[in-house]
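For reference, target33.tsv is printed below; it contains TSV, C-alpha atoms.
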chain	number	residue	atom	x	y	z
A	1	MET	CA	-19.60	16.47	14.00
A	2	LYS	CA	-19.27	18.94	11.14
A	3	LYS	CA	-17.40	22.25	11.21
A	4	ASN	CA	-17.14	24.29	8.03
A	5	LYS	CA	-16.68	21.68	5.30
A	6	PHE	CA	-14.82	19.20	7.52
A	7	ILE	CA	-16.50	16.17	9.03
A	8	LEU	CA	-15.04	14.51	12.11
A	9	ASP	CA	-15.63	10.86	11.30
A	10	LYS	CA	-14.17	9.39	14.45
A	11	ILE	CA	-11.87	10.03	17.39
A	12	ILE	CA	-9.66	6.95	17.24
A	13	TRP	CA	-7.70	7.47	20.44
A	14	GLU	CA	-6.63	10.29	22.71
A	15	ASP	CA	-4.67	11.04	25.85
A	16	PHE	CA	-2.91	14.14	27.17
A	17	GLU	CA	0.01	13.80	24.71
A	18	GLN	CA	-1.70	12.81	21.47
A	19	LEU	CA	-4.95	12.74	19.55
A	20	HIS	CA	-5.68	10.33	16.70
A	21	LEU	CA	-8.75	11.05	14.61
A	22	LYS	CA	-10.28	10.70	11.20
A	23	VAL	CA	-11.53	13.81	9.36
A	24	ASN	CA	-13.14	13.51	5.92
A	25	SER	CA	-11.83	9.91	5.82
A	26	VAL	CA	-8.23	11.09	6.40
A	27	LYS	CA	-6.39	9.77	9.45
A	28	MET	CA	-4.66	12.53	11.44
A	29	THR	CA	-2.49	12.51	14.53
A	30	PHE	CA	-1.70	15.49	16.71
A	31	PHE	CA	1.13	15.28	19.25
A	32	ARG	CA	2.12	17.48	22.14
A	33	PHE	CA	5.45	18.84	20.98
A	34	PRO	CA	7.67	20.30	23.71
A	35	HIS	CA	10.30	21.73	21.34
A	36	LYS	CA	10.25	25.27	19.95
A	37	LEU	CA	9.07	25.71	16.38
A	38	ASN	CA	9.43	29.03	14.60
A	39	ASN	CA	8.35	28.39	11.03
A	40	PHE	CA	4.74	27.61	10.26
A	41	ILE	CA	2.52	27.29	7.22
A	42	ASP	CA	-0.99	28.67	7.70
A	43	PHE	CA	-3.28	26.07	6.17
A	44	GLU	CA	-6.36	27.91	4.88
A	45	ASP	CA	-6.83	29.82	8.16
A	46	ILE	CA	-7.80	26.52	9.80
A	47	ILE	CA	-4.59	25.25	11.32
A	48	LYS	CA	-0.92	26.17	11.38
A	49	ILE	CA	1.47	23.36	10.59
A	50	PRO	CA	5.28	23.21	10.79
A	51	ASP	CA	7.13	24.03	7.57
A	52	LEU	CA	8.55	21.19	5.47
A	53	LEU	CA	12.07	21.34	6.92
A	54	ASP	CA	10.71	21.06	10.46
A	55	LEU	CA	8.47	18.17	9.38
A	56	ALA	CA	11.48	16.47	7.78
A	57	ALA	CA	13.46	16.90	11.00
A	58	MET	CA	10.57	15.45	13.03
A	59	LYS	CA	10.34	12.45	10.69
A	60	ALA	CA	14.10	11.90	10.98
A	61	TYR	CA	13.86	12.03	14.77
A	62	ALA	CA	10.88	9.64	14.73
A	63	LEU	CA	12.93	6.98	12.94
A	64	GLY	CA	15.05	6.72	16.08
A	65	GLY	CA	12.04	5.64	18.12
A	66	ARG	CA	10.03	3.73	15.55
A	67	ALA	CA	10.80	2.27	12.16
A	68	LYS	CA	7.53	2.75	10.29
A	69	TRP	CA	7.50	2.41	6.52
A	70	LYS	CA	5.22	5.46	6.25
A	71	ASP	CA	7.99	7.60	7.77
A	72	TYR	CA	10.51	6.25	5.26
A	73	VAL	CA	8.12	7.08	2.41
A	74	ASP	CA	7.58	10.60	3.76
A	75	ILE	CA	11.33	11.13	4.10
A	76	TYR	CA	11.82	9.81	0.55
A	77	PHE	CA	9.55	12.54	-0.86
A	78	LEU	CA	11.00	15.25	1.38
A	79	MET	CA	14.54	14.34	0.31
A	80	LYS	CA	13.73	13.73	-3.33
A	81	ASP	CA	11.96	17.05	-3.78
A	82	HIS	CA	13.30	19.41	-1.10
A	83	PHE	CA	16.17	18.63	1.29
A	84	ASN	CA	19.31	16.53	1.70
A	85	VAL	CA	20.50	14.53	4.72
A	86	VAL	CA	22.71	17.36	6.00
A	87	GLU	CA	19.95	19.99	5.87
A	88	ILE	CA	17.51	17.68	7.67
A	89	SER	CA	20.14	16.66	10.23
A	90	ASN	CA	21.15	20.26	10.95
A	91	ARG	CA	17.54	21.23	11.57
A	92	ALA	CA	16.92	18.13	13.71
A	93	ASN	CA	19.99	18.98	15.83
A	94	ASP	CA	18.67	22.51	16.36
A	95	LEU	CA	15.14	21.36	17.07
A	96	PHE	CA	15.94	18.47	19.42
A	97	ASP	CA	18.71	20.14	21.43
A	98	GLY	CA	21.42	17.59	20.70
A	99	PHE	CA	19.18	14.50	21.08
A	100	PHE	CA	19.59	13.76	17.38
A	101	ASN	CA	22.50	11.93	15.77
A	102	GLU	CA	23.18	12.35	12.04
A	103	LYS	CA	25.26	9.18	11.85
A	104	LEU	CA	22.42	7.16	13.36
A	105	PHE	CA	19.94	8.81	10.97
A	106	ARG	CA	22.10	7.79	8.01
A	107	GLU	CA	22.23	4.22	9.33
A	108	GLN	CA	18.45	4.16	9.74
A	109	LEU	CA	18.01	5.31	6.13
A	110	SER	CA	20.06	2.28	5.04
A	111	TYR	CA	18.60	-0.43	7.29
A	112	PHE	CA	15.16	-1.92	6.69
A	113	GLU	CA	15.18	-5.24	8.58
A	114	ASP	CA	12.86	-4.16	11.41
A	115	VAL	CA	10.58	-1.78	9.50
A	116	ASP	CA	6.90	-1.82	10.49
A	117	TYR	CA	4.69	-2.15	7.40
A	118	THR	CA	1.35	-2.42	9.25
A	119	GLU	CA	0.00	0.91	7.98
A	120	SER	CA	-0.77	0.91	4.29
A	121	ILE	CA	0.47	3.80	2.17
A	122	GLU	CA	-1.92	5.64	-0.12
A	123	PHE	CA	0.13	7.47	-2.73
A	124	ILE	CA	-1.14	10.64	-4.33
A	125	GLY	CA	-0.40	10.10	-7.99
A	126	LYS	CA	1.95	7.36	-9.10
A	127	GLU	CA	2.87	4.69	-6.56
A	128	ILE	CA	6.64	4.45	-6.02
A	129	PRO	CA	8.02	0.90	-5.81
A	130	GLU	CA	9.52	-0.04	-2.45
A	131	ASP	CA	12.90	-0.91	-3.99
A	132	GLU	CA	13.12	2.52	-5.63
A	133	ILE	CA	12.47	4.22	-2.29
A	134	LYS	CA	15.04	2.07	-0.50
A	135	ASP	CA	17.69	2.58	-3.20
A	136	PHE	CA	17.21	6.35	-3.11
A	137	LEU	CA	17.42	6.48	0.70
A	138	ILE	CA	20.54	4.31	0.78
A	139	LYS	CA	22.25	6.50	-1.84
A	140	SER	CA	21.24	9.66	0.02
A	141	ALA	CA	22.47	8.25	3.33
A	142	THR	CA	25.84	7.17	2.02
A	143	ILE	CA	26.83	10.49	0.46
A	144	PRO	CA	29.98	11.51	2.36
A	145	PHE	CA	29.51	13.86	5.31
Serialized structure, structure tokens:
Amino acid sequence: MKKNKFILDKIIWEDFEQLHLKVNSVKMTFFRFPHKLNNFIDFEDIIKIPDLLDLAAMKAYALGGRAKWKDYVDIYFLMKDHFNVVEISNRANDLFDGFFNEKLFREQLSYFEDVDYTESIEFIGKEIPEDEIKDFLIKSATIPF
């Protein structure tokens, strides 16, 4: 199916809470999100997406339920270029009504034993070595509260 310049390659999986699809060869996932978001970025009048701080908070929260390497890589770039642990944690606390724990988030940024590497990462630009990402996250996580 084609709409505007976007081609829906495939619906990978869907249920009432999530939709996984591929558009123009890019894998996308949409989740039902029961929490209140206030800050959006209008993406070319096609879709509104949460701002970067909300996305960072969602990634931080996701680490508590799954340890996927792609989430660690996303958090690396969000923290390297935009936010620190405290800013992300404060937003996650606001967004998830107290179901977020900054101490646990810091521990997750420093622990990689059970990380799921099954999804490959396609970097835009220069690929960042895994050790560099881990070192940065550990340093960021161990900055005093």
Residues within 12 Å of segment 36-43 of chain A, please, as number ranges by chain. Count only C-alpha atoms; anything in the same chain fewer than 2 positions from it doesn't count. A: 32-34, 45-55, 57-58, 91-92, 94-97
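Among the candidate residues A:Ser25, A:Lys80, A:Leu63, A:Leu19, the one lying nearest to Leu104 of chain A is A:Leu63, with distances computed using all atoms listed in the file.
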Looking at all atoms listed in the file, which of A:Ser89, A:Lys22, A:Asp74, A:Ala141 is the one that sits closest to Arg106 of chain A? A:Ala141
Around segment 30-34 of chain A, with edges along x, y and z and 3 Å added on all six sides, what centre and edge lengths do you get, in Å to one decimal, as lines of an AutoDock Vina configuration file?
center_x = 3.0
center_y = 17.8
center_z = 20.2
size_x = 15.4
size_y = 11.0
size_z = 13.0
Env of segment 6-15 of chain A: 12 Å cut, atoms = all atoms listed in the file, seq-sep filter 2 positions within chain, self excluded. Answer as number ranges by chain. A: 1-4, 17-32, 46
All residues 12 Å or closer to Pro129 of chain A, all atoms listed in the file, same chain fewer than 6 positions away omitted, as a PyMOL selection string: chain A and resi 73+76+121+123+135-136
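Reported to one decimal place, the separation of atom CA of His82 of chain A from atom CA of Phe100 of chain A is 20.3 Å.
One finds atom CA of Thr142 of chain A at 28.8 Å from atom CA of His35 of chain A.
Closest to Asn90 of chain A among A:Tyr117, A:Phe105, A:Phe77, A:Phe112 is A:Phe105, based on only C-alpha atoms.
From atom CA of Asp116 of chain A back to atom CA of Lys70 of chain A, the distance works out to 8.6 Å.
With only C-alpha atoms as the atoms that count, the minimum distance from Ala60 of chain A to the choices A:Asp81, A:Glu87, A:Glu44, A:Glu130 is reached by A:Glu87.
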